[in-house]
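One structure below.
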Number of protein chains: 2
Amino acid sequence: MGVNLKEIAERAGVSLATVSNVVNGYRPVGEQTRRRVQQAIDELGYAPNLSARHLRRGRTGIIALAIPELNNPYFAELAGAAMREATRLGYTLVMEDTAADRAAELALAGGSHRRTIDGLIFSPVRLSREDVLARTSDTPLVLIGEGVYDVPYDHIAIDNIAASHVAVRHLVSLGRRRIAFVGAQFGDPEGARSGDRDGVHAGAREGVQAGDHRQSAHLRLRGYREALEAAGLPFDPALVATTAQFGRRDGLLALRDLLARDRPPDAVFGYNDLVAIGALRAIAEAGLRVPEQIAVIGIDDIEEGRFSNPTLTTIAPDKEQIGRLAVRSLVARIEGRPISPPADVAPPFRLVARESTLGGRRLVD
Amino acid sequence: MGVNLKEIAERAGVSLATVSNVVNGYRPVGEQTRRRVQQAIDELGYAPNLSARHLRRGRTGIIALAIPELNNPYFAELAGAAMREATRLGYTLVMEDTAADRAAELALAGGSHRRTIDGLIFSPVRLSREDVLARTSDTPLVLIGEGVYDVPYDHIAIDNIAASHVAVRHLVSLGRRRIAFVGAQFGDPEGARSGDRDGVHAGAREGVQAGDHRQSAHLRLRGYREALEAAGLPFDPALVATTAQFGRRDGLLALRDLLARDRPPDAVFGYNDLVAIGALRAIAEAGLRVPEQIAVIGIDDIEEGRFSNPTLTTIAPDKEQIGRLAVRSLVARIEGRPISPPADVAPPFRLVARESTLGGRRLVD
DNA sequence: GTGAAAGCGCTAACAT
DNA sequence: ATGTTAGCGCTTTCAC
């Protein structure tokens with residue numbers, strides 16, 4: 001089974017405890033002893049047996065990152081940053097794809113993992129605030145993204161209202177007046193069937209209700225409304241498109257619908273870059289020109305948008321920082337360090353203007 | 001630390017061994033006993049402590065999937081399939097991003113993981129066949145992708161030569177005669193600096209040498225040459241573009257270069273979809289029309305290509321099957337089941353023709 | 001069909 | 001500064 005502590009101890013002529021201390025550095029070790037031990041370790045090629053360590057410590061050294069879809073480049077990019085930080089801190093990060101499924105999200109939040117993970121970084125999209133408040137599992141939890149707000153956990157997400165303001169203001173500054181929002185949510189069908197108590201069919205057309213538990217799109221939608229108001233533009237419910245999910249196809253279908261109307265929009269603010277890219281495609285299919293006839297903006301700054309035709313204007317959150325912060329706060333909780341109460345952190349973001357709003361043909365880079 | 005076997009045993013009035021057997025089913029257990037135990041398990045909410053199990057069994061239940069970049073949608077899609085299969089078989093899959101770094105790949109192949117993983121699914125891009133042959137680690141290994149061939153490990157990859165034939169034949173059937181190949185590899189700069197013995201600067205311009213260890217692009221390039229020949233078209237080294245990596249930017253830069261030449265190509269066969277998408281962008285920047293002036297085809301069938309402008313023609317490998325198969329073969333080796341020698345499996349693929357070669361404007365779907 | 005007990009490799013509490 | 005030792009919870013002989 002490979003070299004173990006005992007063999008190292010024998011080879012170096014010291015006790016198990018001393019070797020352990022050289023490896024872990026919990027207690028000071030004499031300089032010569034340390035050298036002898038280190039040499040034995042190198043010669044025999046020792047590496048600690050993690051199962052044993054974890055058993056003894058009562059922790060697994062594994063943290064999970066649960067996201068609604070691995071396929072979404074935003075999450076893939078985020079996951080990269082999180083993985084690097086986890087490795088740096090001596091943890092293994094495993095990914096968990098909830099497929100934006102409410103049952104899967106509930107199971108995760110409820111602690112379906114038992115002893116298999118030390119902590120969870122979670123980006124829920126189908127959970128209500130109440131679901132999260134009802135959680136009993138004591139596995140440390142850090143939330144990311146726009147799924148849930150105002151819960152007693154560390155939470156990391158950009159300021160969505162502010163981001164939406166920036167996006168809409170950008171469009172307004174370019175003279176757009178009929179700005180559509182694509183990616184509003186009403187209760188998803190599954191939630192409805194499984195007996196949600198919220199008025200699930202009170203969709204965006206009627207304005208989002210206070211009780212609506214899909215807060216993600218809610219906030220971006222709210223920022224959108226506020227910014228319109230600030231610009232003195234009317235809020236037109238007909239320009240708010242509801243989508244089932246947040247993928248390319250959703251943006252595509254929404255735009256086909258929007259473009260079939262009497263008075264189509266002159267700009268589209270997509271819930272995220274994927275939705276915006278779907279919109280771009282629908283607009284191209286309709287034979288319209290971006291941004292001359294319709295300008296498009298998204299959120300996320302995924303690499304795809306830097307190479308699309310046209311390139312996509314977007315709000316770029318600091319993904320690296322989000323991933324890093326999430327892992328750090330989680331590990332702090334796991335190791336019992338933080339005296340601090342759960343915090344809400346809003347990493348920076350910035351507007352990246354590209355062809356889909358500015359027009360022209362710019363060289364990538 | 002949660003409920004353990006002992007508590008269940010006490011509650012059910014049986015021994016530890018019996019509970020263990022109910023949980024694992026290694027030995028038959030009496031019907032009534034089983035029921036009593038099961039009830040205790042349900043009531044107390046028992047879940048086995050994996051660290052302890054792994055320590056005892058000498059395995060961790062963790063397998064790793066090492067890929068050159070998590071950001072590449074092809075791998076993200078593949079990873080999803082692999083994750084599902086791993087879960088199904090009772091394993092946890094962790095992702096490892098080698099960043100296409102040779103040192104990282106060598107470390108992984110060499111078994112830098114020691115006892116932390118039971119097995120490895122690996123898609124190397126910087127490893128030579130010799131590197132893999134020199135491997136001593138006894139951690140079970142399954143290779144995927146085009147990085148390495150003819151090594152004594154299970155290997156899963158589409159038939160690259162055949163796939164390239166199909167791609168080129170498609171372009172030829174559309175009347176193209178000056179077909180460029182984008183994504184050939186010469187020895188990467190790092191490899192060169194660290195003392196590769198192959199003639200690293202013998203690039204594609206001179207034709208790929210037998211000793212070239214970057215076999216990936218090699219095969220697709222070979223298929224490309226063969227198909228040209230079969231079609232009676234000349235092989236023009238000036239139409240083979242070398243790239244450093246296989247991302248969008250690489251395709252973009254390669255095309256800028258190609259388009260600056262005297263006689264630009266009338267079609268582009270990209271090493272993969274990302275390269276092809278970069279090419280699409282460069283062609284748009286140059287104000288040329290796809291496919292009228294230049295047709296473009298890639299390999300991978302990533303979702304992005306279904307929504308790009310124009311949509312991307314591609315060779316679609318069965319990613320679901322590749323992921324599933326890789327996990328299955330690995331688990332078989334881990335659990336010592338297979339009597340069979342290492343096998344080379346070539347999952348099916350198919351041509352998906354879209355706007356970038358067929359032209360027109362087709363509705364997505 | 002069931003039970004008793006050894007021990008996987010490690011860490012941490014308690015020595016010295 | 002270093003050593004001794006008791007388990008962490010489980011699987012797996014070896015008994016019955």
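Within each chain, counting starts at residue 1; across the structure tokens, chains are named A, B, ... in the order shown, with ligands numbered 1 upward in that order.
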
Enumerate as a PyMOL selection string the residues belonging to chain D that approach chain A to within 7 Å, with only C-alpha atoms (C1' of nucleotides) taken into account. chain D and resi 1-3+8

Using only C-alpha atoms (C1' of nucleotides) and a cut-off of 7 Å, which residues of chain C sit close to chain A? Please list them as a short mmCIF file (atom, residue, chain, number, x, y, z; two decimals) with C-alpha atoms (C1' of nucleotides), in the first residue's frame.
```cif
data_model
loop_
_atom_site.label_atom_id
_atom_site.label_comp_id
_atom_site.auth_asym_id
_atom_site.auth_seq_id
_atom_site.Cartn_x
_atom_site.Cartn_y
_atom_site.Cartn_z
"C1'" DG C 9 -2.39 4.84 8.87
"C1'" DC C 10 -2.82 8.60 11.06
"C1'" DT C 11 -3.24 12.54 14.81
#
```

Chain A proximity check over B:Ile299, B:Met95, B:Ala241, B:Leu228, using only C-alpha atoms: winner is B:Met95

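Selecting chain A residues within 7 Å of chain B and counting only C-alpha atoms yields A:Ala47, A:Asn49, A:Leu50, A:Ser51, A:Ala52, A:His54, A:Leu55, A:Thr60, A:Leu70, A:Asn71, A:Pro73, A:Ala76, A:Glu77, A:Gly80, A:Leu93, A:Val94, A:Arg114, A:Arg115, A:Thr116, A:Gly278, A:Arg281, A:Glu285, A:Phe307, A:Ser308, A:Asn309, A:Arg361, A:Leu363.
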
Write down as number ranges by chain the residues belonging to stretch 148-350 of chain A that are assigned helix (DSSP H, G or I) by DSSP computed on the backbone. A: 160-173, 189-193, 204-206, 215-230, 237-239, 248-259, 273-285, 304-307, 319-334

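Atom CA of B:Tyr26 is positioned 13.5 Å from atom C1' of D:DT13.
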
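For the residues A:Val182, A:Ala343, A:Gln293, A:His218, ranking by smallest atom-to-atom distance to A:Thr242 using only C-alpha atoms places A:Val182 first.
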
Within stretch 84-285 of chain A, find each residue whose DSSP state, derived from the backbone, is strand (DSSP E or B), and express the selection as a ChimeraX atom specification. /A:92-97,119-122,141-144,154-156,179-184,240-242,267-270

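Atom CA of A:Gly175 lies 11.2 Å from atom CA of A:Ile294.
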